[in-house]
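Chemist: File upload.txt below, compact mmCIF, C-alpha atoms and all ligand atoms:
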```
# COMPACT_ATOMS: atom_id res chain seq x y z
CA MET J 1 -4.25 106.16 -92.33
CA LYS J 2 -3.51 109.54 -93.90
CA LEU J 3 -3.68 112.50 -91.53
CA LEU J 4 -3.55 116.07 -92.79
CA ILE J 5 -2.79 118.74 -90.17
CA THR J 6 -3.31 122.45 -90.82
CA GLY J 7 -1.26 124.86 -88.70
CA ALA J 8 1.32 122.09 -88.30
CA ASN J 9 4.17 124.47 -87.45
CA GLY J 10 2.26 125.61 -84.37
CA LEU J 11 2.58 124.68 -80.73
CA PHE J 12 -0.15 122.06 -80.94
CA GLY J 13 0.09 121.01 -84.61
CA SER J 14 3.81 120.23 -84.42
CA LYS J 15 3.37 118.05 -81.33
CA LEU J 16 0.42 116.26 -82.91
CA ALA J 17 2.44 115.57 -86.06
CA LYS J 18 5.32 114.15 -84.03
CA LEU J 19 3.12 111.86 -81.92
CA ALA J 20 1.12 110.71 -84.97
CA LEU J 21 4.34 109.73 -86.76
CA ASP J 22 5.32 107.70 -83.68
CA LYS J 23 2.06 105.74 -84.22
CA ASP J 24 2.98 105.06 -87.86
CA ILE J 25 0.26 107.34 -89.18
CA GLN J 26 1.03 108.86 -92.59
CA VAL J 27 1.33 112.53 -91.65
CA TYR J 28 0.92 115.50 -93.99
CA SER J 29 1.93 118.65 -92.11
CA SER J 30 0.60 121.81 -93.72
CA ASP J 31 1.15 125.42 -92.79
CA ILE J 32 1.29 128.85 -94.38
CA GLN J 33 5.09 128.89 -94.01
CA GLY J 34 7.45 126.12 -95.10
CA LEU J 35 9.01 125.26 -91.76
CA SER J 36 7.46 122.02 -90.54
CA THR J 37 9.84 119.22 -89.71
CA PHE J 38 7.41 116.36 -89.03
CA GLY J 39 6.03 114.19 -91.83
CA ASN J 40 5.47 115.32 -95.40
CA PHE J 41 5.31 119.10 -95.60
CA VAL J 42 2.61 120.79 -97.68
CA LYS J 43 2.59 124.57 -98.00
CA LEU J 44 -1.04 125.60 -97.57
CA ASP J 45 -2.80 128.86 -96.83
CA VAL J 46 -6.25 127.74 -95.67
CA VAL J 47 -7.75 131.01 -96.98
CA ASN J 48 -6.90 129.87 -100.53
CA LYS J 49 -9.96 127.77 -101.37
CA ALA J 50 -8.59 126.42 -104.67
CA LYS J 51 -5.36 125.33 -102.99
CA VAL J 52 -7.28 123.71 -100.12
CA ASN J 53 -9.37 121.72 -102.62
CA GLU J 54 -6.30 120.75 -104.62
CA THR J 55 -4.52 119.58 -101.44
CA PHE J 56 -7.46 117.39 -100.43
CA GLN J 57 -7.80 115.96 -103.95
CA THR J 58 -4.08 115.16 -104.13
CA ILE J 59 -3.56 113.72 -100.65
CA LYS J 60 -7.04 112.24 -100.11
CA PRO J 61 -6.66 112.35 -96.31
CA ASP J 62 -8.78 110.10 -94.10
CA VAL J 63 -8.65 112.67 -91.31
CA VAL J 64 -7.86 116.37 -91.12
CA VAL J 65 -7.03 118.16 -87.89
CA HIS J 66 -7.67 121.83 -88.53
CA ALA J 67 -5.50 123.79 -86.11
CA ALA J 68 -4.48 126.69 -88.38
CA SER J 69 -5.68 129.93 -86.90
CA LEU J 70 -4.81 133.52 -86.20
CA THR J 71 -4.24 132.94 -82.50
CA ASP J 72 -2.98 136.38 -81.47
CA VAL J 73 -6.03 137.68 -79.63
CA ASP J 74 -5.07 141.36 -79.84
CA ARG J 75 -4.15 141.07 -83.53
CA CYS J 76 -7.61 139.63 -84.21
CA GLU J 77 -9.16 142.66 -82.51
CA LEU J 78 -7.01 145.08 -84.52
CA ASN J 79 -7.31 143.31 -87.87
CA LYS J 80 -10.81 141.89 -87.97
CA GLU J 81 -10.82 141.21 -91.69
CA LEU J 82 -7.67 139.08 -91.46
CA ALA J 83 -9.05 137.24 -88.41
CA TRP J 84 -12.35 136.52 -90.18
CA ASN J 85 -10.60 135.33 -93.35
CA ILE J 86 -8.24 132.92 -91.56
CA ASN J 87 -10.44 131.71 -88.74
CA VAL J 88 -13.85 131.60 -90.42
CA GLU J 89 -13.31 131.47 -94.20
CA GLY J 90 -10.29 129.18 -93.72
CA THR J 91 -12.39 126.77 -91.64
CA LYS J 92 -15.20 126.95 -94.20
CA ASN J 93 -12.73 125.95 -96.95
CA VAL J 94 -11.36 123.07 -94.89
CA ALA J 95 -14.83 121.87 -93.85
CA GLU J 96 -16.21 121.98 -97.41
CA ALA J 97 -13.20 120.08 -98.76
CA SER J 98 -13.58 117.53 -95.93
CA GLN J 99 -17.26 117.08 -96.67
CA GLN J 100 -16.63 116.67 -100.41
CA THR J 101 -13.92 114.05 -99.89
CA GLU J 102 -15.70 112.28 -96.99
CA CYS J 103 -12.83 113.07 -94.66
CA PHE J 104 -13.25 113.06 -90.86
CA LEU J 105 -12.70 116.59 -89.49
CA ILE J 106 -11.32 117.62 -86.13
CA TYR J 107 -11.68 121.34 -85.55
CA ILE J 108 -9.62 122.87 -82.74
CA SER J 109 -11.60 125.64 -81.08
CA THR J 110 -11.02 127.50 -77.79
CA ASP J 111 -12.27 128.30 -74.28
CA TYR J 112 -12.54 131.92 -75.51
CA VAL J 113 -15.92 131.10 -77.09
CA PHE J 114 -17.23 131.70 -73.55
CA SER J 115 -17.72 135.05 -71.83
CA GLY J 116 -15.85 134.02 -68.67
CA GLU J 117 -18.60 135.15 -66.29
CA LYS J 118 -19.26 131.66 -64.94
CA GLY J 119 -16.21 129.41 -65.31
CA TYR J 120 -16.10 125.60 -65.37
CA TYR J 121 -18.06 125.62 -68.60
CA VAL J 122 -19.58 122.36 -69.84
CA GLU J 123 -19.94 121.56 -73.52
CA SER J 124 -23.67 122.39 -73.52
CA ASP J 125 -23.22 125.87 -72.03
CA SER J 126 -24.10 128.72 -74.39
CA PRO J 127 -21.05 130.39 -75.89
CA GLU J 128 -20.89 134.17 -75.75
CA PRO J 129 -17.48 135.43 -76.86
CA LEU J 130 -16.11 138.67 -75.42
CA ASN J 131 -13.55 139.39 -78.11
CA TYR J 132 -13.22 139.08 -81.88
CA TYR J 133 -10.89 136.07 -81.72
CA GLY J 134 -13.51 134.16 -79.69
CA LEU J 135 -16.26 135.29 -82.05
CA THR J 136 -14.40 134.00 -85.13
CA LYS J 137 -13.64 130.68 -83.44
CA LEU J 138 -17.31 130.27 -82.49
CA GLU J 139 -18.42 131.19 -86.01
CA ALA J 140 -15.99 128.57 -87.32
CA GLU J 141 -17.55 125.94 -85.01
CA THR J 142 -20.93 126.83 -86.52
CA VAL J 143 -19.64 126.69 -90.10
CA ALA J 144 -18.03 123.29 -89.48
CA THR J 145 -21.20 121.97 -87.84
CA GLN J 146 -23.40 123.17 -90.72
CA THR J 147 -21.07 121.73 -93.37
CA MET J 148 -20.12 118.33 -91.97
CA PRO J 149 -22.23 115.25 -91.34
CA GLN J 150 -22.57 115.02 -87.54
CA SER J 151 -20.69 111.72 -87.34
CA ASP J 152 -17.67 113.13 -89.21
CA LEU J 153 -16.98 116.14 -86.98
CA PHE J 154 -15.19 116.42 -83.65
CA ILE J 155 -14.78 119.86 -82.10
CA GLY J 156 -12.11 120.02 -79.38
CA ARG J 157 -11.79 123.02 -77.10
CA PRO J 158 -8.44 123.48 -75.34
CA SER J 159 -7.47 126.38 -73.07
CA VAL J 160 -4.08 128.18 -72.78
CA ILE J 161 -1.82 125.71 -74.57
CA TYR J 162 1.76 125.32 -73.35
CA GLY J 163 4.50 122.81 -74.03
CA SER J 164 8.07 121.90 -74.75
CA THR J 165 7.97 122.36 -78.50
CA PRO J 166 7.94 126.08 -79.11
CA ALA J 167 5.88 127.17 -82.07
CA THR J 168 8.06 128.60 -84.80
CA GLY J 169 9.50 131.80 -83.47
CA LYS J 170 6.86 131.97 -80.73
CA ILE J 171 7.43 131.11 -77.11
CA ASN J 172 4.59 129.93 -74.93
CA PHE J 173 3.79 131.12 -71.41
CA ALA J 174 5.41 128.21 -69.55
CA LEU J 175 8.70 128.35 -71.47
CA TRP J 176 8.81 132.14 -71.23
CA LEU J 177 8.28 132.01 -67.48
CA ILE J 178 10.93 129.33 -66.94
CA GLU J 179 13.47 131.27 -69.04
CA THR J 180 12.72 134.58 -67.34
CA LEU J 181 12.84 133.24 -63.77
CA ARG J 182 16.07 131.35 -64.57
CA LYS J 183 17.61 134.69 -65.53
CA GLY J 184 16.53 136.03 -62.14
CA GLU J 185 14.19 138.60 -63.69
CA ARG J 186 10.90 139.69 -62.10
CA VAL J 187 7.58 138.91 -63.80
CA ARG J 188 4.13 140.46 -63.37
CA ILE J 189 1.32 137.92 -63.61
CA ALA J 190 -2.46 138.45 -63.51
CA LYS J 191 -4.18 137.17 -60.40
CA ASP J 192 -7.72 137.56 -61.73
CA GLN J 193 -7.92 135.40 -64.85
CA TRP J 194 -8.75 131.72 -64.66
CA ASN J 195 -8.28 128.96 -67.26
CA THR J 196 -7.60 125.25 -67.49
CA PRO J 197 -4.08 125.26 -69.02
CA THR J 198 -3.42 122.48 -71.51
CA LEU J 199 -0.12 120.69 -72.13
CA ASN J 200 0.26 120.30 -75.92
CA THR J 201 1.28 116.64 -75.49
CA ASN J 202 -1.87 115.84 -73.52
CA LEU J 203 -3.98 117.70 -76.10
CA ALA J 204 -2.30 115.82 -78.96
CA GLU J 205 -2.82 112.45 -77.25
CA MET J 206 -6.52 113.16 -76.64
CA THR J 207 -6.87 114.27 -80.26
CA LEU J 208 -5.22 111.07 -81.51
CA GLU J 209 -7.68 109.04 -79.47
CA ALA J 210 -10.58 111.00 -80.98
CA ILE J 211 -9.13 110.17 -84.41
CA GLU J 212 -8.65 106.48 -83.67
CA ARG J 213 -12.14 106.09 -82.18
CA ARG J 214 -13.83 108.47 -84.64
CA LEU J 215 -15.48 110.33 -81.78
CA SER J 216 -17.89 113.06 -82.79
CA GLY J 217 -19.39 116.10 -81.05
CA VAL J 218 -17.95 118.85 -78.88
CA TYR J 219 -15.41 117.97 -76.18
CA HIS J 220 -13.45 120.06 -73.71
CA ILE J 221 -9.97 118.60 -74.20
CA CYS J 222 -7.90 120.72 -71.86
CA GLY J 223 -6.07 120.41 -68.55
CA ALA J 224 -8.10 119.11 -65.61
CA THR J 225 -7.11 121.88 -63.17
CA ARG J 226 -8.62 125.37 -62.99
CA LEU J 227 -6.01 127.97 -62.06
CA SER J 228 -5.50 131.70 -62.14
CA ARG J 229 -2.56 132.76 -64.31
CA PHE J 230 -0.73 133.71 -61.09
CA GLU J 231 -1.34 130.26 -59.57
CA PHE J 232 -0.21 128.65 -62.83
CA ALA J 233 3.03 130.65 -62.70
CA ARG J 234 3.68 129.58 -59.10
CA LYS J 235 3.04 125.94 -59.98
CA ILE J 236 5.57 126.18 -62.81
CA ALA J 237 8.11 127.81 -60.50
CA ASP J 238 7.57 125.05 -57.90
CA CYS J 239 7.95 122.26 -60.42
CA PHE J 240 11.12 123.74 -61.96
CA GLU J 241 12.54 124.81 -58.57
CA LEU J 242 12.60 128.47 -59.50
CA ASP J 243 12.34 131.53 -57.25
CA LYS J 244 8.63 132.22 -56.67
CA SER J 245 9.36 135.53 -54.97
CA LEU J 246 10.19 136.94 -58.44
CA ILE J 247 6.51 136.58 -59.41
CA ASP J 248 4.48 139.72 -58.74
CA LYS J 249 0.73 139.36 -58.41
CA VAL J 250 -1.01 142.07 -60.42
CA SER J 251 -4.45 142.88 -61.73
CA SER J 252 -5.25 142.18 -65.39
CA THR J 253 -6.13 145.87 -65.73
CA ASP J 254 -2.37 146.52 -65.43
CA PHE J 255 -1.86 145.05 -68.91
CA PRO J 256 -2.45 147.23 -71.97
CA TRP J 257 -4.35 144.52 -73.86
CA VAL J 258 -6.40 145.61 -76.85
CA ALA J 259 -8.90 142.76 -76.65
CA GLN J 260 -10.96 142.04 -73.58
CA ARG J 261 -10.15 138.67 -71.97
CA PRO J 262 -12.71 136.44 -70.22
CA VAL J 263 -12.23 136.47 -66.43
CA ASP J 264 -12.91 132.77 -65.98
CA SER J 265 -13.03 130.67 -69.14
CA SER J 266 -12.04 127.46 -67.34
CA LEU J 267 -13.58 124.35 -68.87
CA ASP J 268 -15.21 121.40 -67.17
CA THR J 269 -13.58 118.18 -68.40
CA SER J 270 -16.11 115.66 -66.99
CA LEU J 271 -17.15 114.48 -70.45
CA SER J 272 -13.55 113.87 -71.58
CA GLN J 273 -12.70 112.25 -68.23
CA ARG J 274 -15.63 109.89 -68.69
CA ILE J 275 -15.27 109.02 -72.38
CA LEU J 276 -11.57 109.22 -73.16
CA ARG J 277 -9.02 106.61 -72.14
CA CYS J 278 -6.37 109.33 -72.36
CA LYS J 279 -7.52 111.66 -69.57
CA PRO J 280 -7.06 115.42 -69.21
CA LEU J 281 -4.04 115.76 -66.92
CA THR J 282 -3.99 117.58 -63.60
CA ILE J 283 -1.59 120.51 -63.53
CA ASP J 284 0.92 118.65 -61.35
CA ARG J 285 1.07 115.65 -63.67
CA ALA J 286 1.21 117.84 -66.77
CA LEU J 287 4.09 119.92 -65.41
CA GLU J 288 6.00 116.79 -64.43
CA LYS J 289 5.56 115.57 -67.99
CA LEU J 290 6.76 118.91 -69.35
CA LYS J 291 9.83 118.74 -67.11
CA GLN J 292 10.59 115.22 -68.33
CA GLU J 293 10.21 116.29 -71.97
CA LEU J 294 12.54 119.25 -71.48
CA THR J 295 15.10 117.03 -69.78
CA GLU J 296 14.88 114.51 -72.61
CA LYS J 297 15.39 117.26 -75.16
CA GLN J 298 18.48 118.29 -73.19
CA THR J 299 17.65 121.88 -73.86
CA SER J 300 19.10 124.74 -71.90
CA PHE J 301 15.87 125.08 -69.91
N1 LIG N 1 -2.44 128.79 -77.90
C1 LIG N 1 -3.44 128.76 -77.04
O1 LIG N 1 -3.28 129.11 -75.86
C2 LIG N 1 -4.79 128.27 -77.49
C3 LIG N 1 -5.84 128.19 -76.55
C4 LIG N 1 -7.08 127.71 -76.96
C5 LIG N 1 -7.26 127.30 -78.28
N2 LIG N 1 -6.25 127.40 -79.17
C6 LIG N 1 -6.49 126.94 -80.56
O2 LIG N 1 -5.67 125.80 -80.77
C7 LIG N 1 -5.22 125.75 -82.12
C8 LIG N 1 -3.71 125.57 -82.14
O3 LIG N 1 -3.12 126.65 -81.42
P1 LIG N 1 -1.55 126.85 -81.35
O4 LIG N 1 -1.22 127.42 -80.03
O5 LIG N 1 -0.85 125.64 -81.82
O6 LIG N 1 -1.41 128.01 -82.42
P2 LIG N 1 -0.10 128.55 -83.14
O7 LIG N 1 1.12 128.06 -82.45
O8 LIG N 1 -0.31 130.00 -83.36
O9 LIG N 1 -0.22 127.79 -84.54
C9 LIG N 1 -1.14 128.13 -85.54
C10 LIG N 1 -0.47 127.91 -86.86
O10 LIG N 1 -1.38 128.27 -87.92
C11 LIG N 1 -0.64 128.98 -88.90
N3 LIG N 1 -1.51 129.79 -89.75
C12 LIG N 1 -1.94 131.06 -89.56
N4 LIG N 1 -2.65 131.48 -90.61
C13 LIG N 1 -2.70 130.44 -91.48
C14 LIG N 1 -3.28 130.25 -92.75
N5 LIG N 1 -3.98 131.23 -93.35
N6 LIG N 1 -3.13 129.05 -93.37
C15 LIG N 1 -2.42 128.07 -92.79
N7 LIG N 1 -1.82 128.19 -91.59
C16 LIG N 1 -1.97 129.36 -90.95
C17 LIG N 1 0.30 129.82 -88.06
O11 LIG N 1 1.33 130.36 -88.86
P3 LIG N 1 1.96 131.80 -88.42
O12 LIG N 1 2.59 131.58 -87.08
O13 LIG N 1 2.95 132.07 -89.52
O14 LIG N 1 0.81 132.75 -88.39
C18 LIG N 1 0.78 128.80 -87.03
O15 LIG N 1 1.87 128.03 -87.52
C19 LIG N 1 -5.70 127.04 -82.78
O16 LIG N 1 -6.82 126.76 -83.55
C20 LIG N 1 -6.07 127.95 -81.61
O17 LIG N 1 -7.13 128.81 -81.96
C21 LIG N 1 -5.01 127.86 -78.82
```
Using the file provided, produce a representation of the structure as structure tokens.

Modeler:
Amino acid sequence: MKLLITGANGLFGSKLAKLALDKDIQVYSSDIQGLSTFGNFVKLDVVNKAKVNETFQTIKPDVVVHAASLTDVDRCELNKELAWNINVEGTKNVAEASQQTECFLIYISTDYVFSGEKGYYVESDSPEPLNYYGLTKLEAETVATQTMPQSDLFIGRPSVIYGSTPATGKINFALWLIETLRKGERVRIAKDQWNTPTLNTNLAEMTLEAIERRLSGVYHICGATRLSRFEFARKIADCFELDKSLIDKVSSTDFPWVAQRPVDSSLDTSLSQRILRCKPLTIDRALEKLKQELTEKQTSF
């Protein structure tokens, strides 16, 4: 099977590529920058429609996992044109090429399609994004749904991705926290924002199952535990035996964010728990797995 991944240098895409290679899948890792180390690398800007079409015609993938995105929420708010081009037009290009080549499409969306007023959102809840990033991701879901035959489209929504493979040049929340607490520095963490944090490995494994079983529809493929960011930080400190007293509990209004964040965009994972063999992990199991991965990598963490 040929698998094309967009955004394959990223936190999720790189882990997916690695795990897919372990399953002997023929992996084509594409990204806007030439840095990917897993599988065959293809330089691809998803905004470039001609290049997207050419890539699909050349590779003829059976499956594409579209994870390329402008993920910086504040940058999306400040540069709406760029966010629209990458997140919406890019997805349109990928979906149209998938439809034309009869390729199965997995689109990676986000919990930020929800307003965060309710929490524990189920797949059938009405999305109502608060910020421009969420709006573009929701619009991309719509574009993909309108373009693809229903049976050839899986939309997966994760929430706050973290993991042991840092995205190129970017560090995720868990690794940043571990590094900072190890140095004995204080951190200020919001007590009033809730999510269902997602280990990239768990997300990649659930995605691979969706590929293998050709599942279609919308699924919340995130961690199984709803936590405030502050609680998440304390869990990480516990697991890695770090000093919790260095974590200061603050209000989200203390952060000078440009874009508004949902208060509680946690996702209900009942559907994934019921249908998938690879289950969304509880926070304790996910952190244990992260610890094991970091130990195996013999990093300085
Ligand atoms: N991270 C989270 O907490 C989170 C939560 C919920 C949902 N998601 C969704 O999950 C998916 C994967 O997220 P992630 O954390 O792995 O993101 P990430 O680490 O930021 O990776 C995204 C990748 O896409 C690349 N990219 C940006 N513009 C592109 C373009 N025009 N053409 C091709 N590639 C392009 C990025 O390159 P540059 O770095 O050079 O821009 C980056 O390598 C995204 O769709 C995101 O919206 C993420």

Chemist: Within 8 Å of ligand LIG 1 (chain N) (counting all atoms listed in the file), which residues show up? I'd like them as number ranges by chain.

Modeler: J: 6-14, 30-33, 44-48, 66-72, 85-87, 90, 107-112, 137, 157-162, 166-170, 172, 197-198

Chemist: Those same residues - C-alpha atoms - I'd like them written as a compact mmCIF listing (two decimals), in the coordinates of the input.

Modeler:
```
# COMPACT_ATOMS: atom_id res chain seq x y z
CA THR J 6 -3.31 122.45 -90.82
CA GLY J 7 -1.26 124.86 -88.70
CA ALA J 8 1.32 122.09 -88.30
CA ASN J 9 4.17 124.47 -87.45
CA GLY J 10 2.26 125.61 -84.37
CA LEU J 11 2.58 124.68 -80.73
CA PHE J 12 -0.15 122.06 -80.94
CA GLY J 13 0.09 121.01 -84.61
CA SER J 14 3.81 120.23 -84.42
CA SER J 30 0.60 121.81 -93.72
CA ASP J 31 1.15 125.42 -92.79
CA ILE J 32 1.29 128.85 -94.38
CA GLN J 33 5.09 128.89 -94.01
CA LEU J 44 -1.04 125.60 -97.57
CA ASP J 45 -2.80 128.86 -96.83
CA VAL J 46 -6.25 127.74 -95.67
CA VAL J 47 -7.75 131.01 -96.98
CA ASN J 48 -6.90 129.87 -100.53
CA HIS J 66 -7.67 121.83 -88.53
CA ALA J 67 -5.50 123.79 -86.11
CA ALA J 68 -4.48 126.69 -88.38
CA SER J 69 -5.68 129.93 -86.90
CA LEU J 70 -4.81 133.52 -86.20
CA THR J 71 -4.24 132.94 -82.50
CA ASP J 72 -2.98 136.38 -81.47
CA ASN J 85 -10.60 135.33 -93.35
CA ILE J 86 -8.24 132.92 -91.56
CA ASN J 87 -10.44 131.71 -88.74
CA GLY J 90 -10.29 129.18 -93.72
CA TYR J 107 -11.68 121.34 -85.55
CA ILE J 108 -9.62 122.87 -82.74
CA SER J 109 -11.60 125.64 -81.08
CA THR J 110 -11.02 127.50 -77.79
CA ASP J 111 -12.27 128.30 -74.28
CA TYR J 112 -12.54 131.92 -75.51
CA LYS J 137 -13.64 130.68 -83.44
CA ARG J 157 -11.79 123.02 -77.10
CA PRO J 158 -8.44 123.48 -75.34
CA SER J 159 -7.47 126.38 -73.07
CA VAL J 160 -4.08 128.18 -72.78
CA ILE J 161 -1.82 125.71 -74.57
CA TYR J 162 1.76 125.32 -73.35
CA PRO J 166 7.94 126.08 -79.11
CA ALA J 167 5.88 127.17 -82.07
CA THR J 168 8.06 128.60 -84.80
CA GLY J 169 9.50 131.80 -83.47
CA LYS J 170 6.86 131.97 -80.73
CA ASN J 172 4.59 129.93 -74.93
CA PRO J 197 -4.08 125.26 -69.02
CA THR J 198 -3.42 122.48 -71.51
```

Chemist: Ranking J:Arg285, J:Lys118, J:Lys92, J:Lys15 by minimum distance to J:Thr225 and counting all atoms listed in the file, which one comes first?

Modeler: J:Arg285

Chemist: As a ChimeraX atom specification, please: the residues near J:Thr201 (cut-off 9 Å, only C-alpha atoms, same-chain neighbours under 3 positions excluded).

Modeler: /J:12,15-16,19,162-164,198,204-206,286,289-290

Chemist: Take the residues from that selection and put them in a file with C-alpha atoms, as a PDB file, in the coordinates of the input.

Modeler:
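The file below, selection.pdb, is the result:
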```pdb
ATOM      1  CA  PHE J  12      -0.150 122.060 -80.940  1.00  0.00           C
ATOM      2  CA  LYS J  15       3.370 118.050 -81.330  1.00  0.00           C
ATOM      3  CA  LEU J  16       0.420 116.260 -82.910  1.00  0.00           C
ATOM      4  CA  LEU J  19       3.120 111.860 -81.920  1.00  0.00           C
ATOM      5  CA  TYR J 162       1.760 125.320 -73.350  1.00  0.00           C
ATOM      6  CA  GLY J 163       4.500 122.810 -74.030  1.00  0.00           C
ATOM      7  CA  SER J 164       8.070 121.900 -74.750  1.00  0.00           C
ATOM      8  CA  THR J 198      -3.420 122.480 -71.510  1.00  0.00           C
ATOM      9  CA  ALA J 204      -2.300 115.820 -78.960  1.00  0.00           C
ATOM     10  CA  GLU J 205      -2.820 112.450 -77.250  1.00  0.00           C
ATOM     11  CA  MET J 206      -6.520 113.160 -76.640  1.00  0.00           C
ATOM     12  CA  ALA J 286       1.210 117.840 -66.770  1.00  0.00           C
ATOM     13  CA  LYS J 289       5.560 115.570 -67.990  1.00  0.00           C
ATOM     14  CA  LEU J 290       6.760 118.910 -69.350  1.00  0.00           C
TER      15      LEU J 290
END
```

Chemist: Would you please work out which residue, of J:Lys235, J:Lys244, J:Arg261, J:Lys23, is nearest to J:Ser115 when using only C-alpha atoms?

Modeler: J:Arg261

Chemist: Expressed in Å to a single decimal, how great is the separation between atom CA of J:Gln193 and atom CA of J:Arg229?

Modeler: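 Computing the Euclidean distance for atom CA of J:Gln193 and atom CA of J:Arg229 yields 6.0 Å.
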
Chemist: Env of J:Gly119: 10 Å cut, atoms = only C-alpha atoms, seq-sep filter 5 positions within chain, self excluded. Answer as a CSV table (one decimal) with C-alpha atoms, in the coordinates of the input.

Modeler:
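And here is the file that came out, around38.csv:
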```csv
chain,number,residue,atom,x,y,z
J,111,ASP,CA,-12.3,128.3,-74.3
J,114,PHE,CA,-17.2,131.7,-73.6
J,194,TRP,CA,-8.8,131.7,-64.7
J,195,ASN,CA,-8.3,129.0,-67.3
J,196,THR,CA,-7.6,125.2,-67.5
J,226,ARG,CA,-8.6,125.4,-63.0
J,262,PRO,CA,-12.7,136.4,-70.2
J,263,VAL,CA,-12.2,136.5,-66.4
J,264,ASP,CA,-12.9,132.8,-66.0
J,265,SER,CA,-13.0,130.7,-69.1
J,266,SER,CA,-12.0,127.5,-67.3
J,267,LEU,CA,-13.6,124.4,-68.9
J,268,ASP,CA,-15.2,121.4,-67.2
```

Chemist: Kindly give the distance, in Å, that separates atom CA of J:Lys191 and atom CA of J:Ser272, rounded to a single decimal.

Modeler: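 Answer for the atom CA of J:Lys191 to atom CA of J:Ser272 separation: 27.5 Å.
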
Chemist: So for stretch 195-206 of chain J, what box centre and size do we get, axis-aligned, 5 Å extra on each of the six sides, every listed atom, Å to one decimal, as JSON?

Modeler:
```
{"center_x": -3.5, "center_y": 120.7, "center_z": -73.1, "size_x": 19.6, "size_y": 26.5, "size_z": 21.7}
```

Chemist: Mind writing stretch 174-206 of chain J to a file for me, with C-alpha atoms, as a JSON list (two decimals), in the first residue's frame?

Modeler:
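Output contents, as saved in out.json:
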```json
[["chain", "number", "residue", "atom", "x", "y", "z"],
["J", 174, "ALA", "CA", 5.10, 18.15, 27.26],
["J", 175, "LEU", "CA", 8.75, 18.28, 26.16],
["J", 176, "TRP", "CA", 8.96, 22.00, 26.96],
["J", 177, "LEU", "CA", 7.58, 21.42, 30.44],
["J", 178, "ILE", "CA", 9.91, 18.51, 31.17],
["J", 179, "GLU", "CA", 12.95, 20.50, 29.98],
["J", 180, "THR", "CA", 11.98, 23.61, 31.93],
["J", 181, "LEU", "CA", 11.21, 21.82, 35.21],
["J", 182, "ARG", "CA", 14.45, 19.81, 34.89],
["J", 183, "LYS", "CA", 16.31, 23.12, 34.78],
["J", 184, "GLY", "CA", 14.54, 24.09, 38.00],
["J", 185, "GLU", "CA", 12.73, 27.01, 36.35],
["J", 186, "ARG", "CA", 9.22, 28.13, 37.31],
["J", 187, "VAL", "CA", 6.35, 27.82, 34.82],
["J", 188, "ARG", "CA", 2.96, 29.56, 34.68],
["J", 189, "ILE", "CA", 0.18, 27.30, 33.46],
["J", 190, "ALA", "CA", -3.49, 28.09, 32.80],
["J", 191, "LYS", "CA", -5.95, 26.55, 35.23],
["J", 192, "ASP", "CA", -9.06, 27.37, 33.21],
["J", 193, "GLN", "CA", -8.63, 25.65, 29.85],
["J", 194, "TRP", "CA", -9.64, 22.05, 29.32],
["J", 195, "ASN", "CA", -8.70, 19.63, 26.53],
["J", 196, "THR", "CA", -8.15, 15.93, 25.93],
["J", 197, "PRO", "CA", -4.38, 15.87, 25.24],
["J", 198, "THR", "CA", -3.28, 13.40, 22.59],
["J", 199, "LEU", "CA", -0.01, 11.46, 22.47],
["J", 200, "ASN", "CA", 1.22, 11.53, 18.85],
["J", 201, "THR", "CA", 1.95, 7.78, 18.96],
["J", 202, "ASN", "CA", -1.61, 6.97, 20.05],
["J", 203, "LEU", "CA", -2.98, 9.30, 17.35],
["J", 204, "ALA", "CA", -0.77, 7.68, 14.70],
["J", 205, "GLU", "CA", -1.81, 4.17, 15.76],
["J", 206, "MET", "CA", -5.52, 5.07, 15.62]]
```
